[in-house]
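Engineer: What follows is a single structure, and I will ask about it in a moment.
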2 protein chains.
Amino acid sequence: MSQPVLAALVIIGDEILSGRTQDSNLAYLAKWLNEIGIQLGEVRVVPDVTADIVAAVNALRARFDYVFTTGGIGPTHDDITAESVAAAFGLPVIKHPEAYARLLAHYGAEKFTEARQRMTRVPEGATLIDNPVSIAPGFQIGNVFVMAGVPMIMQAMLEGIRPRLKGGHKVISRAVTIFTAESALAEPLSRIQDAHPAVSIGSYPFFSNTGGGAQIVARGPDLAQIEAVIAALKSYCEGQGLRFEEVAA
Amino acid sequence: MSQPVLAALVIIGDEILSGRTQDSNLAYLAKWLNEIGIQLGEVRVVPDVTADIVAAVNALRARFDYVFTTGGIGPTHDDITAESVAAAFGLPVIKHPEAYARLLAHYGAEKFTEARQRMTRVPEGATLIDNPVSIAPGFQIGNVFVMAGVPMIMQAMLEGIRPRLKGGHKVISRAVTIFTAESALAEPLSRIQDAHPAVSIGSYPFFSNTGGGAQIVARGPDLAQIEAVIAALKSYCEGQGLRFEEVAA
């Protein structure tokens, strides 16, 4: 079996850390990456502070195959991602000629203000990431992909970089809901986990006024082994008379 | 003005990293903490892997006043937070006598299985965090607060630890929506930011088929200065004939 291909995400933005904005890029990126055989291994949310962005990017780009960032690439004073990623790589910031040409065509010479020209800044040597929504591009430098924070734009940017990403195996998952206390399932789950080491079994309890239960998720690269885990769970539940439901994938 | 009191959050769980579960604890915790004068300064999402939990906890507890963790304190084989936090502190894991007594009373001797006893494990010297929802407690060791991942339980646990947290100033925020391209606002925003250094001004663009705009958020400890920023924005918009709306807090 091939080695897993792992990515990290750096979410840049005071608005996420303050709780004002609910992030939705993490879950979207995680699922999108898994479709091409890449798994998210760590996420950091950092404020609009250069030192914090530099520290996160440098820690993660050394450990992961790919690093994605979201946020902070607009035209305003609080958009400091380009300078911060350049600093992380020890590179100067340049105005990218192709980004400049695209934005000049978009705004026209008269309205292509200094503030708008900020959106052409990239670390020297970076390649652009297309933005079909609002033109201002993201960029790639080394294994770091710098994208917008606006979900619609981030999602469009991902489609553009798909050919640059080399995936490994996809992680398949199946889930079931078992309607009994999670603690009653701990022993059989542990036994089934030990018997299927290539499958990762997660257990997530839920509580309701009708009694609650646990959602059991089996994940791994091999569908047959995952199905064996689900079958073992089903067999256990039938033996114990426990209500059991498969969950839509 | 007092120093800010800063906290970090470690979200532990493969189900968040896979995109299967959408985290909601970050935003809740951020707002809850701010009410008592504590701001969230960094968040990390890590998988159910001991080394990753240890690394995150140790990096953050040295840098922040408080560290909160969510997830991984249940009875099943994938619940490894107690051992991992103990390892981060170099402490042995014990069965906490009070946690043991509570769960024994809850389940009764016959049903208090070895798996359920896993929920009494804490690093030696830890103090409990009450769980009024499902009994099994969280714990505090040093400046690290270990809580459940189920939002309803995490929220209940927070109420219990409120007296242990010493806050500083609260960050107040006001927001306005301006209906013009964010890039047209960059220059005045930069000017207003420079004139009000004690306020942090963030700009978050949005796009819609009726034209889009930007939400401008002014944050800081001093309401008068924040209101001065909002007034300056309003004055600019009136001068330019731009549509301007205050956003509910």
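To be explicit about the labels: the chains of the structure tokens are called A, B, and onward in the order shown, and within each one the residues are counted from 1, while ligands get numbers from 1 in the order they are shown.
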Hey, what's within 9 Å of Gln215 in chain B if we count only C-alpha atoms and toss same-chain stuff fewer than 4 positions away? As a list in words, please?
Structural biologist: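 Answer for this query is Ala175, Val176, Thr177, Ile178, Phe179, Glu182, Gly202, Ser203, Tyr204, Pro205, Phe206 and Val247 of chain B.
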Engineer: Please check the contacts: residues of chain B at most 8 Å away from chain A, using only C-alpha atoms, listed as a PyMOL selection string.
Structural biologist: chain B and resi 14-22+24+26-31+39-47+74-78+115-116+150+182-187+189-190+201-203+205-206
Engineer: Restrict the selected residues to C-alpha atoms and save them as a compact mmCIF listing (two decimals), in the first residue's frame.
Structural biologist:
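Produced file again-v7.txt, reproduced below:
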# COMPACT_ATOMS: atom_id res chain seq x y z
CA ASP B 14 -10.17 12.52 13.35
CA GLU B 15 -13.85 13.26 12.69
CA ILE B 16 -13.16 17.00 12.47
CA LEU B 17 -10.06 16.58 10.29
CA SER B 18 -11.92 14.27 7.90
CA GLY B 19 -14.62 16.89 7.37
CA ARG B 20 -17.23 14.44 8.58
CA THR B 21 -18.14 16.56 11.60
CA GLN B 22 -18.36 20.35 11.44
CA SER B 24 -18.91 24.29 16.46
CA LEU B 26 -14.42 27.00 18.44
CA ALA B 27 -16.93 29.77 17.83
CA TYR B 28 -18.86 28.99 21.02
CA LEU B 29 -15.72 28.97 23.18
CA ALA B 30 -14.36 32.17 21.56
CA LYS B 31 -17.51 34.12 22.36
CA GLN B 39 -9.40 36.03 23.90
CA LEU B 40 -8.65 33.00 21.77
CA GLY B 41 -5.20 33.41 20.20
CA GLU B 42 -4.70 30.12 18.36
CA VAL B 43 -6.56 26.91 17.59
CA ARG B 44 -5.12 23.60 16.47
CA VAL B 45 -7.05 20.62 15.18
CA VAL B 46 -5.08 17.40 15.65
CA PRO B 47 -5.84 13.75 14.97
CA GLY B 74 -14.88 8.98 26.49
CA PRO B 75 -14.71 5.26 27.29
CA THR B 76 -13.66 3.84 23.91
CA HIS B 77 -10.27 2.77 22.53
CA ASP B 78 -9.95 5.97 20.44
CA ALA B 115 -14.26 0.40 29.88
CA ARG B 116 -16.40 2.77 31.95
CA VAL B 150 -19.92 16.88 22.43
CA GLU B 182 -13.55 46.00 -0.85
CA SER B 183 -10.64 47.24 -2.96
CA ALA B 184 -12.27 50.68 -3.19
CA LEU B 185 -12.23 50.85 0.61
CA ALA B 186 -8.61 49.87 1.14
CA GLU B 187 -7.18 53.38 1.13
CA LEU B 189 -9.61 51.93 5.80
CA SER B 190 -5.85 52.15 6.02
CA ILE B 201 -10.05 46.99 11.90
CA GLY B 202 -10.79 43.91 9.83
CA SER B 203 -12.29 43.85 6.35
CA PRO B 205 -15.46 40.96 1.46
CA PHE B 206 -18.58 39.24 0.26
Engineer: Compare A:Leu104, A:Ile141, A:Ile129, A:Ile80 by their minimum atom-to-atom distance to Met154 in chain A, counting only C-alpha atoms, and give me the closest one.
Structural biologist: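 Among A:Leu104, A:Ile141, A:Ile129, A:Ile80, it is A:Ile129 that comes nearest to Met154 in chain A.
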